[in-house]
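This is run-v1.txt. It holds compact mmCIF, C-alpha atoms (C1' of nucleotides).
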# COMPACT_ATOMS: atom_id res chain seq x y z
CA MET A 1 0.00 0.00 0.00
CA ASN A 2 0.93 3.62 -0.48
CA THR A 3 3.21 2.72 -3.38
CA ALA A 4 1.33 4.79 -5.96
CA PRO A 5 3.28 7.71 -7.45
CA ILE A 6 1.03 10.31 -5.87
CA PRO A 7 3.00 13.31 -4.72
CA ALA A 8 2.74 13.75 -0.97
CA PRO A 9 -0.13 16.19 -0.40
CA ALA A 10 1.69 17.79 2.51
CA PRO A 11 5.39 18.09 3.15
CA PRO A 12 6.72 15.46 5.52
CA PRO A 13 6.08 16.60 9.08
CA ALA A 14 9.81 16.80 9.75
CA ASP A 15 10.10 17.95 13.32
CA GLU A 16 7.18 20.34 13.29
CA PRO A 17 4.70 19.37 15.97
CA ARG A 18 1.38 18.42 14.42
CA TRP A 19 -0.80 21.00 16.12
CA LEU A 20 -4.49 20.44 16.55
CA THR A 21 -6.67 22.08 13.94
CA ALA A 22 -9.11 24.71 15.10
CA GLU A 23 -11.88 22.17 15.00
CA GLU A 24 -9.88 19.58 16.91
CA GLN A 25 -9.13 22.18 19.52
CA ARG A 26 -12.80 22.88 19.94
CA VAL A 27 -13.51 19.19 20.36
CA TRP A 28 -10.74 18.80 22.87
CA ARG A 29 -11.81 21.81 24.87
CA SER A 30 -15.35 20.51 25.00
CA TYR A 31 -14.10 17.19 26.23
CA ILE A 32 -11.98 18.73 28.95
CA GLU A 33 -14.74 21.02 30.10
CA ALA A 34 -17.39 18.33 30.14
CA SER A 35 -15.27 15.76 31.89
CA THR A 36 -14.09 18.27 34.49
CA LEU A 37 -17.58 19.49 35.20
CA LEU A 38 -19.03 16.01 35.23
CA GLU A 39 -16.43 14.57 37.54
CA ASP A 40 -16.90 17.48 39.83
CA HIS A 41 -20.65 17.23 39.75
CA LEU A 42 -20.72 13.54 40.55
CA ASP A 43 -18.09 13.88 43.26
CA ARG A 44 -20.14 16.51 44.92
CA GLN A 45 -23.36 14.58 44.54
CA LEU A 46 -21.90 11.46 46.08
CA GLN A 47 -19.97 13.25 48.76
CA ARG A 48 -23.21 14.84 49.84
CA ASP A 49 -25.49 11.81 49.58
CA ALA A 50 -23.14 8.92 50.27
CA GLY A 51 -20.23 10.47 52.10
CA MET A 52 -17.60 9.40 49.61
CA PRO A 53 -16.06 10.53 46.34
CA HIS A 54 -17.13 9.07 43.03
CA ILE A 55 -14.22 6.71 42.68
CA TYR A 56 -14.79 5.14 46.08
CA TYR A 57 -18.39 4.59 45.15
CA GLY A 58 -17.18 2.86 42.01
CA LEU A 59 -15.10 0.51 44.10
CA LEU A 60 -18.10 -0.54 46.14
CA VAL A 61 -20.04 -1.14 42.93
CA LYS A 62 -17.30 -3.38 41.55
CA LEU A 63 -17.28 -5.40 44.72
CA ALA A 64 -21.06 -5.68 44.76
CA GLU A 65 -20.98 -7.06 41.22
CA SER A 66 -18.36 -9.66 42.03
CA PRO A 67 -18.90 -13.25 43.14
CA ARG A 68 -19.07 -13.37 46.93
CA ARG A 69 -18.78 -9.59 46.89
CA ARG A 70 -15.01 -9.78 46.98
CA LEU A 71 -12.03 -9.13 44.77
CA ARG A 72 -8.31 -9.37 45.12
CA MET A 73 -6.73 -5.96 45.52
CA THR A 74 -4.91 -6.12 42.24
CA GLU A 75 -8.05 -7.22 40.42
CA LEU A 76 -10.06 -4.42 41.93
CA ALA A 77 -7.40 -1.93 40.97
CA ARG A 78 -7.38 -3.27 37.45
CA HIS A 79 -11.17 -3.05 37.15
CA ALA A 80 -11.26 0.46 38.52
CA LYS A 81 -8.29 1.63 36.44
CA ILE A 82 -6.35 2.94 39.40
CA THR A 83 -2.97 2.14 40.90
CA ARG A 84 -2.62 -0.37 43.69
CA SER A 85 -1.22 2.35 45.88
CA ARG A 86 -4.26 4.49 45.44
CA LEU A 87 -6.45 1.50 46.10
CA SER A 88 -4.62 0.66 49.29
CA HIS A 89 -5.33 4.09 50.67
CA ALA A 90 -8.90 4.04 49.46
CA VAL A 91 -9.67 0.67 50.98
CA ALA A 92 -8.11 1.77 54.23
CA ARG A 93 -10.60 4.59 54.31
CA LEU A 94 -13.56 2.46 53.30
CA GLU A 95 -12.56 -0.04 55.94
CA LYS A 96 -12.59 2.68 58.53
CA ASN A 97 -16.14 3.45 57.43
CA GLY A 98 -17.08 -0.18 57.88
CA TRP A 99 -18.08 -0.54 54.23
CA VAL A 100 -15.28 -2.86 53.22
CA ARG A 101 -13.20 -5.36 55.12
CA ARG A 102 -10.03 -7.20 54.19
CA GLU A 103 -9.33 -10.89 54.30
CA ASP A 104 -6.20 -12.86 53.58
CA CYS A 105 -6.08 -14.94 50.45
CA PRO A 106 -5.60 -18.59 51.43
CA SER A 107 -3.83 -19.64 48.25
CA ASP A 108 -1.39 -16.75 48.09
CA LYS A 109 -0.05 -15.34 51.28
CA ARG A 110 0.74 -12.02 49.65
CA GLY A 111 -2.85 -11.64 48.56
CA GLN A 112 -5.66 -9.69 50.13
CA PHE A 113 -9.34 -9.72 49.37
CA ALA A 114 -11.37 -6.57 49.64
CA ILE A 115 -14.86 -7.56 50.70
CA LEU A 116 -18.02 -5.50 50.65
CA THR A 117 -19.65 -5.59 54.07
CA GLU A 118 -23.38 -5.70 54.67
CA GLU A 119 -23.18 -2.10 55.75
CA GLY A 120 -21.39 -1.24 52.56
CA TYR A 121 -24.06 -2.98 50.56
CA GLU A 122 -26.72 -0.98 52.32
CA VAL A 123 -25.04 2.31 51.64
CA LEU A 124 -24.96 1.30 48.03
CA SER A 125 -28.63 0.33 47.86
CA ARG A 126 -29.63 3.50 49.58
CA THR A 127 -27.60 5.82 47.40
CA ALA A 128 -27.62 4.11 44.01
CA PRO A 129 -30.95 5.54 42.83
CA GLY A 130 -29.85 9.09 43.48
CA HIS A 131 -26.59 8.51 41.70
CA VAL A 132 -28.17 6.88 38.67
CA ASN A 133 -30.48 9.79 38.55
CA ALA A 134 -27.62 12.25 38.55
CA VAL A 135 -25.91 10.40 35.72
CA ARG A 136 -29.10 10.24 33.73
CA GLN A 137 -29.80 13.89 34.21
CA ALA A 138 -26.29 14.97 33.30
CA VAL A 139 -25.70 12.63 30.40
CA PHE A 140 -28.26 10.19 29.05
CA ASP A 141 -31.30 12.41 29.19
CA ARG A 142 -29.51 14.93 27.04
CA LEU A 143 -28.29 12.63 24.29
CA THR A 144 -30.10 10.93 21.44
CA PRO A 145 -29.83 7.14 21.23
CA GLU A 146 -27.39 7.57 18.35
CA GLN A 147 -25.22 9.88 20.40
CA GLN A 148 -25.25 7.46 23.31
CA LYS A 149 -24.15 4.67 21.06
CA SER A 150 -21.49 6.83 19.51
CA LEU A 151 -20.20 7.89 22.91
CA GLY A 152 -19.87 4.27 23.91
CA GLU A 153 -17.88 3.37 20.84
CA ILE A 154 -15.59 6.35 21.09
CA MET A 155 -14.82 5.83 24.74
CA ARG A 156 -14.26 2.14 24.22
CA ILE A 157 -11.66 2.96 21.59
CA VAL A 158 -9.90 5.52 23.73
CA ALA A 159 -9.87 3.26 26.77
CA GLU A 160 -8.59 0.40 24.68
CA GLY A 161 -5.70 2.47 23.48
CA LEU A 162 -4.63 3.39 26.99
CA GLN A 163 -4.83 -0.01 28.63
CA PRO A 164 -1.49 -1.20 29.89
CA SER A 165 -2.68 -4.63 28.72
CA GLU A 166 -1.32 -4.78 25.20
CA THR A 167 -2.96 -8.03 24.21
CA GLY A 168 -0.06 -9.73 22.56
CA ALA A 169 0.58 -7.38 19.68
CA ASP A 170 3.81 -5.50 19.23
CA LEU A 171 5.50 -6.61 22.41
CA PRO A 172 8.95 -5.12 22.41
CA TRP A 173 10.64 -8.39 23.22
CA LEU A 174 14.27 -8.25 22.28
CA ARG A 175 14.06 -4.49 21.98
CA MET B 1 -50.05 17.67 24.34
CA ASN B 2 -50.19 14.06 25.34
CA THR B 3 -53.99 14.14 25.31
CA ALA B 4 -54.41 11.33 22.80
CA PRO B 5 -56.08 8.19 24.18
CA ILE B 6 -52.98 6.07 23.77
CA PRO B 7 -52.52 3.75 26.70
CA ALA B 8 -49.28 4.45 28.50
CA PRO B 9 -46.72 2.02 27.07
CA ALA B 10 -45.08 1.61 30.45
CA PRO B 11 -46.56 2.02 33.90
CA PRO B 12 -45.81 5.39 35.46
CA PRO B 13 -42.35 5.26 37.07
CA ALA B 14 -43.87 5.79 40.50
CA ASP B 15 -40.91 5.81 42.86
CA GLU B 16 -38.89 3.13 41.11
CA PRO B 17 -35.49 4.47 40.22
CA ARG B 18 -35.00 4.47 36.46
CA TRP B 19 -31.99 2.19 36.29
CA LEU B 20 -29.66 2.28 33.35
CA THR B 21 -30.31 -0.32 30.70
CA ALA B 22 -27.59 -2.87 30.05
CA GLU B 23 -26.48 -0.89 27.04
CA GLU B 24 -26.45 2.39 28.92
CA GLN B 25 -24.36 0.77 31.59
CA ARG B 26 -21.84 -0.34 29.01
CA VAL B 27 -21.64 3.17 27.63
CA TRP B 28 -21.24 4.66 31.07
CA ARG B 29 -18.57 2.20 32.08
CA SER B 30 -16.64 2.94 28.91
CA TYR B 31 -16.85 6.62 29.62
CA ILE B 32 -15.61 6.22 33.18
CA GLU B 33 -12.77 3.97 32.16
CA ALA B 34 -11.63 6.13 29.28
CA SER B 35 -11.79 9.37 31.21
CA THR B 36 -9.98 7.87 34.19
CA LEU B 37 -7.23 6.40 32.06
CA LEU B 38 -6.91 9.50 29.94
CA GLU B 39 -6.72 11.90 32.83
CA ASP B 40 -4.15 9.68 34.43
CA HIS B 41 -2.14 9.35 31.29
CA LEU B 42 -1.99 13.08 30.62
CA ASP B 43 -1.24 13.90 34.23
CA ARG B 44 1.69 11.55 34.14
CA GLN B 45 2.89 12.81 30.79
CA LEU B 46 2.86 16.42 31.91
CA GLN B 47 4.23 15.75 35.34
CA ARG B 48 7.15 14.05 33.72
CA ASP B 49 7.76 16.52 30.89
CA ALA B 50 6.58 19.80 32.34
CA GLY B 51 6.65 19.27 36.09
CA MET B 52 3.00 20.00 36.64
CA PRO B 53 -0.36 18.24 36.52
CA HIS B 54 -2.69 18.54 33.57
CA ILE B 55 -4.95 21.12 35.09
CA TYR B 56 -2.07 23.46 35.94
CA TYR B 57 -0.89 23.21 32.39
CA GLY B 58 -4.39 24.14 31.29
CA LEU B 59 -4.22 27.27 33.40
CA LEU B 60 -1.04 28.39 31.70
CA VAL B 61 -2.67 27.78 28.33
CA LYS B 62 -5.66 29.91 29.23
CA LEU B 63 -3.39 32.72 30.30
CA ALA B 64 -1.29 32.43 27.16
CA GLU B 65 -4.41 32.77 25.05
CA SER B 66 -5.63 35.85 26.87
CA PRO B 67 -4.98 39.49 26.00
CA ARG B 68 -1.82 40.65 27.74
CA ARG B 69 -1.44 37.09 29.04
CA ARG B 70 -3.49 37.85 32.10
CA LEU B 71 -6.86 37.06 33.58
CA ARG B 72 -8.71 37.94 36.72
CA MET B 73 -8.74 35.04 39.15
CA THR B 74 -12.46 34.54 38.92
CA GLU B 75 -12.35 34.60 35.14
CA LEU B 76 -9.57 32.09 35.03
CA ALA B 77 -11.46 29.83 37.40
CA ARG B 78 -14.54 30.13 35.23
CA HIS B 79 -12.62 29.30 32.06
CA ALA B 80 -10.94 26.32 33.66
CA LYS B 81 -14.10 25.07 35.33
CA ILE B 82 -12.60 24.93 38.78
CA THR B 83 -13.40 26.61 42.07
CA ARG B 84 -11.72 29.81 43.12
CA SER B 85 -10.28 28.03 46.09
CA ARG B 86 -8.61 25.43 43.97
CA LEU B 87 -7.31 28.15 41.71
CA SER B 88 -5.86 30.08 44.63
CA HIS B 89 -3.81 27.07 45.62
CA ALA B 90 -2.80 26.32 42.07
CA VAL B 91 -1.65 29.84 41.35
CA ALA B 92 0.27 29.91 44.59
CA ARG B 93 2.19 26.91 43.39
CA LEU B 94 2.69 28.21 39.87
CA GLU B 95 3.89 31.47 41.33
CA LYS B 96 6.45 29.61 43.39
CA ASN B 97 7.66 28.05 40.16
CA GLY B 98 7.99 31.46 38.61
CA TRP B 99 5.53 30.65 35.85
CA VAL B 100 2.79 33.00 36.97
CA ARG B 101 2.78 36.20 38.93
CA ARG B 102 -0.03 38.15 40.54
CA GLU B 103 -0.88 41.78 40.14
CA ASP B 104 -3.54 43.91 41.78
CA CYS B 105 -6.47 45.04 39.70
CA PRO B 106 -6.49 48.84 39.56
CA SER B 107 -10.24 49.20 39.10
CA ASP B 108 -11.30 46.78 41.82
CA LYS B 109 -9.24 46.58 44.95
CA ARG B 110 -10.47 43.07 45.66
CA GLY B 111 -9.28 41.84 42.31
CA GLN B 112 -6.14 40.04 41.32
CA PHE B 113 -4.72 39.30 37.96
CA ALA B 114 -2.89 36.08 37.31
CA ILE B 115 -0.22 36.80 34.71
CA LEU B 116 1.84 34.37 32.70
CA THR B 117 5.52 35.18 33.08
CA GLU B 118 8.07 34.89 30.32
CA GLU B 119 9.39 31.81 32.04
CA GLY B 120 5.91 30.35 32.11
CA TYR B 121 5.53 31.04 28.45
CA GLU B 122 8.76 29.26 27.73
CA VAL B 123 7.77 26.18 29.66
CA LEU B 124 4.62 26.14 27.61
CA SER B 125 6.40 26.47 24.27
CA ARG B 126 8.85 23.81 25.23
CA THR B 127 6.29 21.28 26.40
CA ALA B 128 3.30 21.96 24.18
CA PRO B 129 4.42 19.78 21.26
CA GLY B 130 4.84 16.76 23.47
CA HIS B 131 1.48 17.31 25.06
CA VAL B 132 -0.32 17.78 21.76
CA ASN B 133 1.33 14.63 20.64
CA ALA B 134 0.09 12.71 23.64
CA VAL B 135 -3.46 13.95 23.06
CA ARG B 136 -3.30 13.07 19.42
CA GLN B 137 -1.97 9.64 20.10
CA ALA B 138 -4.53 8.87 22.77
CA VAL B 139 -7.57 10.38 21.11
CA PHE B 140 -7.58 11.95 17.67
CA ASP B 141 -5.42 9.43 15.88
CA ARG B 142 -7.81 6.70 16.93
CA LEU B 143 -11.06 8.30 15.86
CA THR B 144 -12.61 8.86 12.46
CA PRO B 145 -13.50 12.44 11.51
CA GLU B 146 -17.16 11.58 12.13
CA GLN B 147 -16.37 10.29 15.59
CA GLN B 148 -14.36 13.39 16.38
CA LYS B 149 -17.23 15.57 15.35
CA SER B 150 -19.66 13.48 17.32
CA LEU B 151 -17.47 13.61 20.41
CA GLY B 152 -17.38 17.36 20.18
CA GLU B 153 -21.13 17.68 19.95
CA ILE B 154 -21.77 15.26 22.77
CA MET B 155 -19.33 16.88 25.14
CA ARG B 156 -20.60 20.32 24.29
CA ILE B 157 -24.08 19.20 25.27
CA VAL B 158 -22.97 17.62 28.51
CA ALA B 159 -20.87 20.61 29.48
CA GLU B 160 -23.71 22.94 28.64
CA GLY B 161 -26.02 21.06 30.96
CA LEU B 162 -23.63 21.33 33.87
CA GLN B 163 -22.71 24.98 33.60
CA PRO B 164 -23.79 26.93 36.62
CA SER B 165 -24.64 29.68 34.10
CA GLU B 166 -28.29 28.92 33.35
CA THR B 167 -28.75 31.51 30.66
CA GLY B 168 -32.01 33.00 31.73
CA ALA B 169 -34.34 30.02 31.51
CA ASP B 170 -36.23 28.57 34.44
CA LEU B 171 -34.80 30.75 37.14
CA PRO B 172 -36.52 29.85 40.38
CA TRP B 173 -37.31 33.41 41.28
CA LEU B 174 -40.03 33.59 43.89
CA ARG B 175 -39.53 29.97 44.83
C1' DC C 1 -23.84 58.82 53.53
C1' DT C 2 -24.88 54.38 55.71
C1' DC C 3 -26.49 49.91 55.57
C1' DC C 4 -26.21 45.39 53.98
C1' DG C 5 -26.33 41.61 50.79
C1' DT C 6 -23.01 40.13 47.23
C1' DT C 7 -18.63 39.37 45.06
C1' DT C 8 -13.65 38.48 45.26
C1' DG C 9 -10.02 36.06 46.73
C1' DT C 10 -7.52 33.66 50.47
C1' DT C 11 -6.79 30.56 54.32
C1' DT C 12 -6.98 26.49 57.28
C1' DA C 13 -7.60 21.78 58.12
C1' DA C 14 -9.03 17.44 56.58
C1' DG C 15 -9.00 14.28 52.99
C1' DA C 16 -7.18 12.22 48.65
C1' DT C 17 -3.51 11.14 45.30
C1' DT C 18 1.10 10.39 43.69
C1' DC C 19 5.67 8.78 43.86
C1' DA C 20 9.37 6.21 45.47
C1' DA C 21 10.74 2.79 48.45
C1' DG C 22 10.34 -1.45 50.59
C1' DA C 23 8.72 -6.06 52.93
C1' DA C 24 7.00 -10.45 51.96
C1' DA C 25 5.78 -14.24 49.05
C1' DT C 26 5.98 -16.54 44.60
C1' DG C 27 7.70 -19.38 40.98
C1' DG C 28 11.00 -20.77 37.91
C1' DA C 29 15.79 -21.67 36.51
C1' DT C 30 19.99 -23.43 37.82
C1' DA D 1 17.62 -26.71 47.57
C1' DT D 2 19.03 -21.96 46.37
C1' DC D 3 18.93 -17.97 43.83
C1' DC D 4 16.63 -14.11 41.96
C1' DA D 5 13.56 -11.60 39.10
C1' DT D 6 8.72 -10.71 39.56
C1' DT D 7 4.35 -9.97 41.77
C1' DT D 8 1.52 -8.27 45.59
C1' DC D 9 0.44 -4.96 48.68
C1' DT D 10 1.60 -1.31 51.99
C1' DT D 11 3.81 2.82 53.74
C1' DG D 12 5.36 7.76 54.33
C1' DA D 13 6.15 12.15 52.53
C1' DA D 14 5.01 15.56 49.32
C1' DT D 15 1.52 17.43 46.67
C1' DC D 16 -3.13 18.51 45.43
C1' DT D 17 -8.14 19.09 46.38
C1' DT D 18 -12.16 20.13 49.06
C1' DA D 19 -15.14 22.40 52.30
C1' DA D 20 -16.04 25.88 55.33
C1' DA D 21 -15.02 30.15 57.18
C1' DC D 22 -13.33 34.63 56.63
C1' DA D 23 -11.78 39.61 55.54
C1' DA D 24 -12.04 43.16 52.35
C1' DA D 25 -14.19 45.72 48.80
C1' DC D 26 -18.16 46.62 46.07
C1' DG D 27 -22.46 48.83 44.94
C1' DG D 28 -27.30 49.66 45.14
C1' DA D 29 -31.34 50.96 48.32
C1' DG D 30 -32.96 53.88 51.47
Target encoding structure tokens, full file:
Amino acid sequence: MNTAPIPAPAPPPADEPRWLTAEEQRVWRSYIEASTLLEDHLDRQLQRDAGMPHIYYGLLVKLAESPRRRLRMTELARHAKITRSRLSHAVARLEKNGWVRREDCPSDKRGQFAILTEEGYEVLSRTAPGHVNAVRQAVFDRLTPEQQKSLGEIMRIVAEGLQPSETGADLPWLR
Amino acid sequence: MNTAPIPAPAPPPADEPRWLTAEEQRVWRSYIEASTLLEDHLDRQLQRDAGMPHIYYGLLVKLAESPRRRLRMTELARHAKITRSRLSHAVARLEKNGWVRREDCPSDKRGQFAILTEEGYEVLSRTAPGHVNAVRQAVFDRLTPEQQKSLGEIMRIVAEGLQPSETGADLPWLR
DNA sequence: CTCCGTTTGTTTAAGATTCAAGAAATGGAT
DNA sequence: ATCCATTTCTTGAATCTTAAACAAACGGAG
């Protein structure tokens, strides 16, 4: 491919940074503004109604969805897309609240399970409707079905590209 | 409207929370994952290459784009979608780095200008190409033109809905 | 002019996140 | 069996963010 004798339509980028076009800049600004506002909005909503930031709430949700309401620390971190360090601190806090407890992993002495407590489950049940409502109001109620679908595809692609988990391809073995 | 004798297709929601459908959940999860990973990725990139987190970088950009490279604190906060408190702390730090300085507003003794210094401008020039590159690589290079356009529209809508600046409509005056 | 609700910006303390470092266990390879 | 690179998870310090409280200046109503 690309062997046809078509003259390059633009000079080779050389060292010039490829700046964003005006339109790309607008898109990017919109993304930054929306994600900043949204994160902020949901953090505030959950801090007020559930006494925890959005990401902590997400951790409880992951646990609630898991078999036996438990997950190894590393797994939970992977699901939630955060570092283990951050998770350690977060779970320490959630433990202090009585919403999560830890348990040793029998098969691997290094391992720890984070387990959603009954209390944690109740906080979740009590606050989930309000949170869903906030998400709906901020996002889904404002978008057409096509836009929702599009958003899903786009974000899936972006997330995919940033996963540390290169699934086999282009592993830099031997360089 | 809605006076036609069509039987309601679904029972009135009563108090039942309107949960997200399975598809909506997938979209929402993708959004959360992508935005978490992206924010993290850019924070790391800029911390490494420019010695500041993404949002601080954004503040310098806003200043650079402004007439006389300055902005009142409140204006800057509004542009960047952050609280004045957060901005106060951020500018204090940027000032310590020599990238921003403050100046009193002559016409309003309460006011302060945040001003991009020459040094700040240089940091920006030096690090902008790498940052643009990171954004491109993570987002624009992976999306079709249609998806880029769609992303812009969607985020514009979401941001719009979260702006504190309700432009006139439905102000709850007298209640 | 004075009063008083609002706006502007900062400060403090508490909480959250990052980064680097490190302890403990694992699982091969020798 | 022993070595050792890797994985798992935690810790402490520095940094960043939030929430609430505050002082100072503003500006319109009376």
Using all atoms listed in the file - which residues lie no farther than 8 Å from the point (-33.8, 3.3, 44.2) in the file's frame? Write them as a list in words. Ser125, Arg126, Thr127, Ala128, Pro129 and Gly130 of chain A; Asp15, Glu16, Pro17 and Arg18 of chain B
Distance filter 9 Å, all atoms listed in the file, chain B against chain A, as a PyMOL selection string: chain B and resi 16-20+23-24+26-38+40-41+79-82+128-130+132-133+135-140+142-143+147-163
Residues of chain C that approach stretch 16-27 of chain D to 10 Å or less, counting all atoms listed in the file: could you list each one with the shortest pair of atoms and its distance in Å to one decimal, rows by chain and increasing residue number, as JSON lines?
{"residue": "C:DT6", "atom": "C1'", "partner": "D:DC26", "partner_atom": "C1'", "distance": 8.2}
{"residue": "C:DT7", "atom": "C1'", "partner": "D:DC26", "partner_atom": "C1'", "distance": 7.3}
{"residue": "C:DT8", "atom": "C1'", "partner": "D:DA25", "partner_atom": "C1'", "distance": 8.1}
{"residue": "C:DG9", "atom": "C1'", "partner": "D:DA24", "partner_atom": "C1'", "distance": 9.3}
{"residue": "C:DT10", "atom": "C1'", "partner": "D:DC22", "partner_atom": "C1'", "distance": 8.5}
{"residue": "C:DT11", "atom": "C1'", "partner": "D:DC22", "partner_atom": "C1'", "distance": 8.0}
{"residue": "C:DT12", "atom": "C1'", "partner": "D:DA21", "partner_atom": "C1'", "distance": 8.8}
{"residue": "C:DA13", "atom": "C1'", "partner": "D:DA19", "partner_atom": "C1'", "distance": 9.5}
{"residue": "C:DA14", "atom": "C1'", "partner": "D:DT18", "partner_atom": "C1'", "distance": 8.6}
{"residue": "C:DG15", "atom": "C1'", "partner": "D:DT18", "partner_atom": "C1'", "distance": 7.7}
{"residue": "C:DA16", "atom": "C1'", "partner": "D:DT17", "partner_atom": "C1'", "distance": 7.3}
{"residue": "C:DT17", "atom": "C1'", "partner": "D:DC16", "partner_atom": "C1'", "distance": 7.4}
{"residue": "C:DT18", "atom": "C1'", "partner": "D:DC16", "partner_atom": "C1'", "distance": 9.3}
Do you know which residues are at most 12 Å from C:DT2 counting all atoms listed in the file, after dropping those on the same chain fewer than 2 positions away, and could you put them as a ChimeraX atom specification? /C:4 /D:28-30
Using all atoms listed in the file, I'd like every residue of chain A that has an atom within 9 Å of chain D; please write them out as a PyMOL selection string. chain A and resi 73-74+84-85+88-89+110-112
Produce stretch 144-162 of chain B of the given structure as output with N, CA and C atoms, as a PDB file, in the first residue's frame.
ATOM      1  N   THR B 144     -12.300   8.350  13.793  1.00  0.00           N
ATOM      2  CA  THR B 144     -12.615   8.857  12.463  1.00  0.00           C
ATOM      3  C   THR B 144     -13.064  10.314  12.595  1.00  0.00           C
ATOM      4  N   PRO B 145     -13.018  11.051  11.489  1.00  0.00           N
ATOM      5  CA  PRO B 145     -13.505  12.435  11.514  1.00  0.00           C
ATOM      6  C   PRO B 145     -14.942  12.521  12.034  1.00  0.00           C
ATOM      7  N   GLU B 146     -15.773  11.565  11.658  1.00  0.00           N
ATOM      8  CA  GLU B 146     -17.158  11.581  12.129  1.00  0.00           C
ATOM      9  C   GLU B 146     -17.211  11.414  13.645  1.00  0.00           C
ATOM     10  N   GLN B 147     -16.379  10.509  14.142  1.00  0.00           N
ATOM     11  CA  GLN B 147     -16.367  10.288  15.588  1.00  0.00           C
ATOM     12  C   GLN B 147     -15.865  11.511  16.326  1.00  0.00           C
ATOM     13  N   GLN B 148     -14.870  12.169  15.748  1.00  0.00           N
ATOM     14  CA  GLN B 148     -14.357  13.387  16.378  1.00  0.00           C
ATOM     15  C   GLN B 148     -15.452  14.442  16.469  1.00  0.00           C
ATOM     16  N   LYS B 149     -16.153  14.582  15.377  1.00  0.00           N
ATOM     17  CA  LYS B 149     -17.228  15.568  15.346  1.00  0.00           C
ATOM     18  C   LYS B 149     -18.299  15.228  16.384  1.00  0.00           C
ATOM     19  N   SER B 150     -18.645  13.958  16.399  1.00  0.00           N
ATOM     20  CA  SER B 150     -19.658  13.481  17.317  1.00  0.00           C
ATOM     21  C   SER B 150     -19.243  13.719  18.769  1.00  0.00           C
ATOM     22  N   LEU B 151     -17.992  13.399  19.056  1.00  0.00           N
ATOM     23  CA  LEU B 151     -17.469  13.607  20.413  1.00  0.00           C
ATOM     24  C   LEU B 151     -17.601  15.066  20.819  1.00  0.00           C
ATOM     25  N   GLY B 152     -17.262  15.939  19.901  1.00  0.00           N
ATOM     26  CA  GLY B 152     -17.377  17.364  20.178  1.00  0.00           C
ATOM     27  C   GLY B 152     -18.792  17.774  20.524  1.00  0.00           C
ATOM     28  N   GLU B 153     -19.733  17.316  19.709  1.00  0.00           N
ATOM     29  CA  GLU B 153     -21.134  17.681  19.951  1.00  0.00           C
ATOM     30  C   GLU B 153     -21.617  17.149  21.295  1.00  0.00           C
ATOM     31  N   ILE B 154     -21.313  15.907  21.538  1.00  0.00           N
ATOM     32  CA  ILE B 154     -21.770  15.264  22.772  1.00  0.00           C
ATOM     33  C   ILE B 154     -21.217  15.977  24.000  1.00  0.00           C
ATOM     34  N   MET B 155     -19.945  16.256  23.972  1.00  0.00           N
ATOM     35  CA  MET B 155     -19.330  16.879  25.140  1.00  0.00           C
ATOM     36  C   MET B 155     -19.793  18.317  25.321  1.00  0.00           C
ATOM     37  N   ARG B 156     -20.070  18.960  24.212  1.00  0.00           N
ATOM     38  CA  ARG B 156     -20.601  20.317  24.291  1.00  0.00           C
ATOM     39  C   ARG B 156     -21.953  20.285  25.012  1.00  0.00           C
ATOM     40  N   ILE B 157     -22.765  19.316  24.651  1.00  0.00           N
ATOM     41  CA  ILE B 157     -24.082  19.202  25.269  1.00  0.00           C
ATOM     42  C   ILE B 157     -23.980  18.916  26.762  1.00  0.00           C
ATOM     43  N   VAL B 158     -23.118  17.984  27.101  1.00  0.00           N
ATOM     44  CA  VAL B 158     -22.969  17.620  28.511  1.00  0.00           C
ATOM     45  C   VAL B 158     -22.447  18.800  29.318  1.00  0.00           C
ATOM     46  N   ALA B 159     -21.436  19.465  28.780  1.00  0.00           N
ATOM     47  CA  ALA B 159     -20.866  20.614  29.481  1.00  0.00           C
ATOM     48  C   ALA B 159     -21.926  21.697  29.664  1.00  0.00           C
ATOM     49  N   GLU B 160     -22.630  21.949  28.599  1.00  0.00           N
ATOM     50  CA  GLU B 160     -23.713  22.944  28.635  1.00  0.00           C
ATOM     51  C   GLU B 160     -24.658  22.670  29.806  1.00  0.00           C
ATOM     52  N   GLY B 161     -25.055  21.424  29.924  1.00  0.00           N
ATOM     53  CA  GLY B 161     -26.019  21.061  30.956  1.00  0.00           C
ATOM     54  C   GLY B 161     -25.494  21.217  32.372  1.00  0.00           C
ATOM     55  N   LEU B 162     -24.194  21.267  32.518  1.00  0.00           N
ATOM     56  CA  LEU B 162     -23.628  21.331  33.868  1.00  0.00           C
ATOM     57  C   LEU B 162     -23.127  22.706  34.246  1.00  0.00           C
TER      58      LEU B 162
END
